[in-house]
>>> print(open('my_file39.txt').read())   # compact mmCIF, C-alpha atoms
# COMPACT_ATOMS: atom_id res chain seq x y z
CA MET R 1324 65.88 58.14 -29.17
CA SER R 1325 66.27 54.51 -30.24
CA PRO R 1326 64.92 52.88 -33.41
CA ALA R 1327 61.50 51.29 -32.90
CA ARG R 1328 62.58 47.96 -34.41
CA GLN R 1329 65.58 46.04 -35.59
CA ALA R 1330 66.60 46.85 -39.14
CA ALA R 1331 65.72 44.23 -41.74
CA ALA R 1332 67.69 43.56 -44.92
CA PRO R 1333 66.51 45.94 -47.66
CA ARG R 1334 64.67 45.19 -50.87
CA ALA R 1335 65.25 48.79 -51.95
CA ILE R 1336 67.11 51.89 -50.78
CA GLY R 1337 66.02 55.50 -51.05
CA PHE R 1338 68.30 58.50 -50.79
CA ASP R 1339 68.11 62.17 -50.02
CA LEU R 1340 69.89 64.24 -52.69
CA GLY R 1341 71.66 67.41 -51.54
CA GLU R 1342 74.56 66.77 -49.15
CA THR R 1343 73.86 63.04 -49.45
CA LEU R 1344 74.52 62.09 -53.09
CA LEU R 1345 75.79 65.45 -54.31
CA THR R 1346 76.73 68.87 -53.04
CA TYR R 1347 76.81 72.48 -54.22
CA ALA R 1348 80.40 73.57 -53.67
CA GLY R 1349 80.75 76.70 -51.57
CA THR R 1350 76.98 77.12 -51.26
CA PRO R 1351 75.49 77.28 -47.75
CA LEU R 1352 72.34 75.29 -46.98
CA ASN R 1353 70.67 78.62 -46.29
CA TRP R 1354 70.81 80.58 -49.57
CA ALA R 1355 69.77 83.92 -48.03
CA ALA R 1356 73.24 85.51 -48.27
CA LEU R 1357 73.30 84.81 -52.01
CA TYR R 1358 69.89 86.30 -52.85
CA PRO R 1359 71.27 89.62 -54.18
CA ASP R 1360 73.58 87.90 -56.68
CA ALA R 1361 70.91 85.40 -57.77
CA LEU R 1362 68.30 88.15 -58.17
CA ALA R 1363 70.73 90.19 -60.25
CA ARG R 1364 70.85 87.26 -62.66
CA VAL R 1365 67.06 87.11 -62.70
CA ALA R 1366 66.82 90.82 -63.48
CA ALA R 1367 69.34 90.55 -66.31
CA ALA R 1368 67.62 87.50 -67.81
CA CYS R 1369 64.23 89.21 -67.75
CA GLY R 1370 65.35 92.68 -68.83
CA ALA R 1371 64.20 94.14 -65.53
CA ALA R 1372 65.60 97.12 -63.68
CA PRO R 1373 64.39 96.66 -60.11
CA THR R 1374 64.89 99.51 -57.68
CA PRO R 1375 66.53 98.89 -54.30
CA ALA R 1376 63.04 98.79 -52.79
CA ASP R 1377 61.96 96.22 -55.41
CA LEU R 1378 64.96 94.06 -54.54
CA ASP R 1379 64.25 94.34 -50.83
CA ARG R 1380 60.69 93.08 -51.37
CA ALA R 1381 61.97 90.23 -53.54
CA ILE R 1382 64.44 89.24 -50.86
CA GLN R 1383 61.66 89.21 -48.27
CA ARG R 1384 59.56 86.97 -50.54
CA LEU R 1385 62.45 84.55 -50.83
CA ARG R 1386 63.09 84.64 -47.11
CA GLN R 1387 59.48 83.71 -46.43
CA ALA R 1388 59.84 80.76 -48.80
CA ASN R 1389 63.17 79.71 -47.26
CA THR R 1390 62.58 76.56 -45.20
CA ARG R 1391 65.85 77.10 -43.32
CA LEU R 1392 64.21 80.22 -41.89
CA HIS R 1393 60.53 79.26 -42.03
CA PRO R 1394 59.97 75.48 -42.02
CA ARG R 1395 56.79 74.27 -43.71
CA ALA R 1396 55.08 70.94 -44.27
CA ARG R 1397 53.23 71.80 -47.47
CA GLU R 1398 55.28 72.48 -50.60
CA ILE R 1399 54.92 75.62 -52.71
CA ARG R 1400 55.37 76.13 -56.46
CA ALA R 1401 58.35 78.13 -57.73
CA GLU R 1402 56.34 79.23 -60.77
CA GLU R 1403 53.89 81.08 -58.52
CA LEU R 1404 56.63 82.53 -56.33
CA PHE R 1405 58.56 84.00 -59.25
CA ALA R 1406 55.49 85.12 -61.18
CA ASP R 1407 54.53 87.21 -58.15
CA LEU R 1408 58.09 88.54 -57.88
CA LEU R 1409 58.16 89.58 -61.54
CA ALA R 1410 54.73 91.19 -61.33
CA ASP R 1411 55.97 93.26 -58.39
CA TRP R 1412 58.85 94.42 -60.59
CA GLY R 1413 56.38 95.48 -63.27
CA ARG R 1414 57.38 92.67 -65.62
CA PRO R 1415 55.04 90.30 -67.49
CA ALA R 1416 54.28 87.29 -65.33
CA ASP R 1417 53.56 84.98 -68.25
CA ALA R 1418 54.96 81.46 -68.53
CA ALA R 1419 57.90 82.41 -70.77
CA GLU R 1420 59.08 85.24 -68.53
CA THR R 1421 58.66 83.12 -65.42
CA ARG R 1422 60.66 80.36 -67.05
CA ARG R 1423 63.53 82.78 -67.73
CA ALA R 1424 63.46 83.82 -64.08
CA LEU R 1425 63.55 80.22 -62.87
CA GLU R 1426 66.43 79.34 -65.20
CA ALA R 1427 68.43 82.34 -63.98
CA PHE R 1428 67.76 81.83 -60.29
CA PHE R 1429 68.22 78.08 -59.97
CA GLY R 1430 70.96 78.03 -62.58
CA PHE R 1431 72.97 80.35 -60.35
CA PHE R 1432 73.15 77.59 -57.74
CA GLN R 1433 73.28 74.55 -60.03
CA ARG R 1434 76.54 75.62 -61.63
CA ARG R 1435 78.24 74.67 -58.34
CA MET R 1436 76.86 71.13 -58.28
CA GLN R 1437 79.21 68.17 -57.94
CA PRO R 1438 78.68 64.56 -56.86
CA TYR R 1439 80.52 63.12 -53.90
CA PRO R 1440 83.27 60.70 -54.95
CA ASP R 1441 81.65 57.82 -53.06
CA THR R 1442 78.23 58.22 -54.68
CA ALA R 1443 78.58 56.47 -58.05
CA PRO R 1444 80.63 53.51 -56.71
CA ALA R 1445 78.13 52.94 -53.90
CA LEU R 1446 75.09 53.06 -56.18
CA ALA R 1447 76.74 50.73 -58.69
CA ALA R 1448 77.59 48.21 -55.97
CA LEU R 1449 74.06 48.29 -54.56
CA ARG R 1450 72.48 47.81 -57.99
CA ALA R 1451 74.84 44.89 -58.60
CA ARG R 1452 73.25 43.28 -55.54
CA GLY R 1453 69.81 43.57 -57.12
CA LEU R 1454 68.52 46.43 -55.01
CA ARG R 1455 66.10 48.99 -56.41
CA LEU R 1456 67.25 52.56 -55.79
CA GLY R 1457 65.45 55.88 -55.69
CA VAL R 1458 65.65 59.49 -54.56
CA LEU R 1459 63.19 61.41 -52.42
CA THR R 1460 64.26 65.03 -52.09
CA ASP R 1461 62.83 68.26 -50.77
CA VAL R 1462 63.31 70.98 -53.36
CA PRO R 1463 64.26 74.58 -52.51
CA TYR R 1464 61.59 77.23 -53.11
CA GLY R 1465 59.33 74.69 -54.87
CA MET R 1466 61.90 74.16 -57.63
CA PRO R 1467 60.48 72.21 -60.62
CA ARG R 1468 61.45 68.56 -61.04
CA GLU R 1469 63.37 69.16 -64.27
CA PHE R 1470 66.09 71.05 -62.39
CA VAL R 1471 66.59 68.04 -60.13
CA GLU R 1472 66.78 65.83 -63.21
CA ARG R 1473 69.52 68.10 -64.60
CA ASP R 1474 71.54 67.73 -61.42
CA LEU R 1475 71.25 63.96 -61.54
CA ALA R 1476 72.22 63.91 -65.21
CA GLY R 1477 75.13 66.29 -64.62
CA ALA R 1478 76.36 64.06 -61.82
CA GLY R 1479 76.08 60.98 -64.04
CA LEU R 1480 73.56 59.34 -61.71
CA THR R 1481 70.39 59.06 -63.80
CA ALA R 1482 71.04 55.51 -64.96
CA CYS R 1483 71.82 54.42 -61.38
CA LEU R 1484 68.31 55.17 -60.14
CA ASP R 1485 64.92 53.55 -60.63
CA THR R 1486 62.85 56.52 -59.55
CA LEU R 1487 62.89 60.15 -58.46
CA LEU R 1488 60.35 61.88 -56.24
CA THR R 1489 60.40 65.52 -55.20
CA SER R 1490 58.45 67.38 -52.54
CA GLY R 1491 56.86 69.32 -55.39
CA GLU R 1492 55.27 66.15 -56.76
CA VAL R 1493 54.33 64.76 -53.36
CA GLY R 1494 53.02 68.07 -52.05
CA TRP R 1495 54.60 67.52 -48.64
CA ARG R 1496 58.11 68.06 -47.30
CA LYS R 1497 60.08 65.83 -44.97
CA PRO R 1498 59.64 64.73 -42.22
CA GLU R 1499 56.01 64.26 -43.27
CA PRO R 1500 55.63 60.53 -44.07
CA ALA R 1501 53.72 60.99 -47.35
CA GLY R 1502 56.86 61.17 -49.49
CA PHE R 1503 58.39 58.10 -47.88
CA HIS R 1504 55.20 56.11 -48.48
CA ALA R 1505 55.17 57.26 -52.11
CA LEU R 1506 58.82 56.25 -52.50
CA ALA R 1507 58.07 52.77 -51.13
CA ALA R 1508 55.26 52.38 -53.64
CA ARG R 1509 57.48 53.53 -56.53
CA LEU R 1510 60.20 51.09 -55.52
CA GLU R 1511 57.69 48.26 -54.97
CA ALA R 1512 58.93 47.70 -51.45
CA ASP R 1513 57.18 47.39 -48.11
CA ALA R 1514 58.21 50.05 -45.62
CA SER R 1515 59.92 47.38 -43.51
CA THR R 1516 62.19 46.43 -46.42
CA LEU R 1517 63.05 49.99 -47.54
CA TRP R 1518 66.09 51.79 -46.22
CA TYR R 1519 66.37 55.56 -46.48
CA VAL R 1520 69.71 57.37 -46.40
CA GLY R 1521 69.94 61.06 -45.55
CA ASN R 1522 72.07 63.63 -43.79
CA GLU R 1523 69.52 65.68 -41.84
CA GLU R 1524 67.32 65.11 -38.82
CA LYS R 1525 64.20 65.44 -40.96
CA ASP R 1526 65.42 62.56 -43.14
CA ILE R 1527 65.82 60.28 -40.15
CA ARG R 1528 62.66 61.25 -38.30
CA GLY R 1529 60.58 61.08 -41.47
CA ALA R 1530 61.91 57.63 -42.37
CA LEU R 1531 61.24 56.35 -38.87
CA ALA R 1532 57.72 57.80 -38.82
CA ALA R 1533 56.98 56.00 -42.11
CA GLY R 1534 58.30 52.67 -40.80
CA LEU R 1535 61.50 52.62 -42.87
CA THR R 1536 65.01 51.73 -41.79
CA ALA R 1537 66.82 55.05 -41.28
CA VAL R 1538 70.47 55.41 -42.25
CA LEU R 1539 72.38 58.59 -41.46
CA ILE R 1540 75.22 59.67 -43.76
CA ASP R 1541 77.46 61.55 -41.34
CA ARG R 1542 80.26 62.82 -43.56
CA ASP R 1543 81.64 65.21 -40.97
CA ARG R 1544 81.50 62.60 -38.17
CA GLN R 1545 79.38 64.79 -35.93
CA ARG R 1546 77.62 61.70 -34.52
CA PRO R 1547 74.11 63.10 -33.98
CA ALA R 1548 71.69 60.70 -32.28
CA TRP R 1549 68.37 61.08 -34.06
CA GLY R 1550 67.20 57.50 -33.65
CA GLN R 1551 68.74 56.15 -36.85
CA HIS R 1552 69.25 52.41 -37.23
CA HIS R 1553 72.67 52.83 -38.86
CA THR R 1554 75.27 55.55 -39.37
CA VAL R 1555 77.89 55.64 -42.12
CA SER R 1556 80.46 58.30 -42.99
CA ASP R 1557 80.96 57.07 -46.58
CA LEU R 1558 78.29 55.68 -48.90
CA ARG R 1559 80.68 52.92 -49.97
CA ALA R 1560 80.02 51.33 -46.57
CA LEU R 1561 76.41 50.62 -47.54
CA PRO R 1562 76.88 47.42 -49.58
CA GLU R 1563 78.77 45.71 -46.76
CA LEU R 1564 76.20 46.98 -44.25
CA VAL R 1565 73.43 45.48 -46.38
CA GLU R 1566 75.19 42.11 -46.50
CA THR R 1567 75.92 42.13 -42.77
CA THR R 1568 72.29 42.91 -41.99
CA ALA R 1569 71.05 40.18 -44.35
CA ALA R 1570 73.34 37.62 -42.69
CA SER R 1571 72.08 38.49 -39.22
CA THR R 1572 68.34 38.40 -39.98
>>> encode(input="my_file39.txt", output="structure tokens")
Amino acid sequence: MSPARQAAAPRAIGFDLGETLLTYAGTPLNWAALYPDALARVAAACGAAPTPADLDRAIQRLRQANTRLHPRAREIRAEELFADLLADWGRPADAAETRRALEAFFGFFQRRMQPYPDTAPALAALRARGLRLGVLTDVPYGMPREFVERDLAGAGLTACLDTLLTSGEVGWRKPEPAGFHALAARLEADASTLWYVGNEEKDIRGALAAGLTAVLIDRDRQRPAWGQHHTVSDLRALPELVETTAAST
């Protein structure tokens, strides 16, 4: 598949988050193998004593919400998912208890977060060139925005970005174009002048469907051909790529 048009110089650049700007060390993209440990933390935080059968049902709920196993276009809400899980365990499903469950579950994975070494230098160089920068990310299990904000703050990236959009806010997951259109509006850029950088096929196909310039970050040099306009293996290549594109258009 080839790009539908030649890439234009960007006015703004959007980024995916996980495995693009930061990673979760030692954590697979599919969290299913880690459900028992994460649920043990939830049980401890909420004072619950789930039986093996309770845990099995909780694991099945999480598997159904796992987009690596069951892709979906519409986003769900983690608050509803975990309120149902707690109610099944015979625990109060009020806001405070649900919040404890969310903190325990997502905190289990967030403790492994670390930015890639090329992320901050690349973002700083792009901002120095006057580009507006933002993140559009699909969140796991309908995770609330504030957890994404914590990751960005922990990675030291908050000040580097002009906006953040999650699938929870948009209501749709990639590759649906709604999020990309919303990102363009937030960054005050036409689709034709917005680049989007991501590591997965859904990032590329969604950006192309929305009329953006698609840039693949291929850290492992696997060289997939998903129709992207550009491919880089290190984000620090982006500023030079921007300048080269501007000079040729």
>>> atom_distance(input="my_file39.txt", atom1="CA of Thr1421 in chain R", atom2="CA of Lys1497 in chain R")
26.8 Å
>>> atom_distance(input="my_file39.txt", atom1="CA of Arg1364 in chain R", atom2="CA of Gly1477 in chain R")
21.5 Å
>>> residues_around(input="my_file39.txt", residues="Arg1422 in chain R", least_positions_apart="4", cutoff="9 Å", atoms="all atoms listed in the file", output="CSV table (one decimal) with C-alpha atoms, in the frame of the given file")
chain,number,residue,atom,x,y,z
R,1402,GLU,CA,56.3,79.2,-60.8
R,1405,PHE,CA,58.6,84.0,-59.2
R,1417,ASP,CA,53.6,85.0,-68.2
R,1418,ALA,CA,55.0,81.5,-68.5
R,1426,GLU,CA,66.4,79.3,-65.2
R,1427,ALA,CA,68.4,82.3,-64.0
>>> closest_residue(input="my_file39.txt", among="R:Leu1385, R:Met1466, R:Met1436, R:Leu1510", to="Leu1487 in chain R", atoms="all atoms listed in the file")
R:Leu1510
>>> atom_distance(input="my_file39.txt", atom1="CA of Asp1411 in chain R", atom2="CA of Phe1432 in chain R")
23.3 Å
>>> residues_near_point(input="my_file39.txt", point="(77.0, 52.9, -57.5)", cutoff="10 Å", atoms="all atoms listed in the file", output="JSON, numbers by chain")
{"R": [1441, 1442, 1443, 1444, 1445, 1446, 1447, 1448, 1449, 1450, 1451, 1456, 1480, 1482, 1483, 1484, 1558, 1559, 1562]}
>>> residues_around(input="my_file39.txt", residues="Val1555 in chain R", least_positions_apart="6", cutoff="8 Å", atoms="only C-alpha atoms", output="list in words")
Val1538, Leu1539, Ile1540, Asp1541, Arg1542 and Leu1561 of chain R
>>> closest_residue(input="my_file39.txt", among="R:Leu1459, R:Ala1530, R:Leu1517, R:Ala1478", to="Phe1338 in chain R", atoms="all atoms listed in the file")
R:Leu1459
>>> residues_around(input="my_file39.txt", residues="range 1345-1347 of chain R", least_positions_apart="2", cutoff="10 Å", atoms="only C-alpha atoms", output="number ranges by chain")
R: 1339-1343, 1349-1352, 1432-1442, 1474-1475, 1478, 1480
>>> residues_around(input="my_file39.txt", residues="Phe1429 in chain R", least_positions_apart="6", cutoff="10 Å", atoms="only C-alpha atoms", output="list of chain:residue names")
R:Ala1361, R:Arg1364, R:Val1365, R:Pro1463, R:Tyr1464, R:Met1466, R:Pro1467, R:Phe1470
>>> residues_around(input="my_file39.txt", residues="Ala1424 in chain R", least_positions_apart="6", cutoff="12 Å", atoms="only C-alpha atoms", output="number ranges by chain")
R: 1361-1371, 1401-1410, 1414-1418, 1430-1431, 1466
>>> closest_residue(input="my_file39.txt", among="R:Ala1501, R:Arg1528, R:Tyr1358, R:Thr1489", to="Arg1384 in chain R", atoms="all atoms listed in the file")
R:Tyr1358
>>> closest_residue(input="my_file39.txt", among="R:Trp1495, R:Tyr1519, R:Trp1354, R:Phe1503", to="Leu1392 in chain R", atoms="all atoms listed in the file")
R:Trp1354
>>> closest_residue(input="my_file39.txt", among="R:Gln1387, R:Gly1413, R:Ile1336, R:Trp1518", to="Ala1372 in chain R", atoms="only C-alpha atoms")
R:Gly1413
>>> closest_residue(input="my_file39.txt", among="R:Pro1333, R:Ser1571, R:Leu1378, R:Glu1492", to="Asp1513 in chain R", atoms="only C-alpha atoms")
R:Pro1333
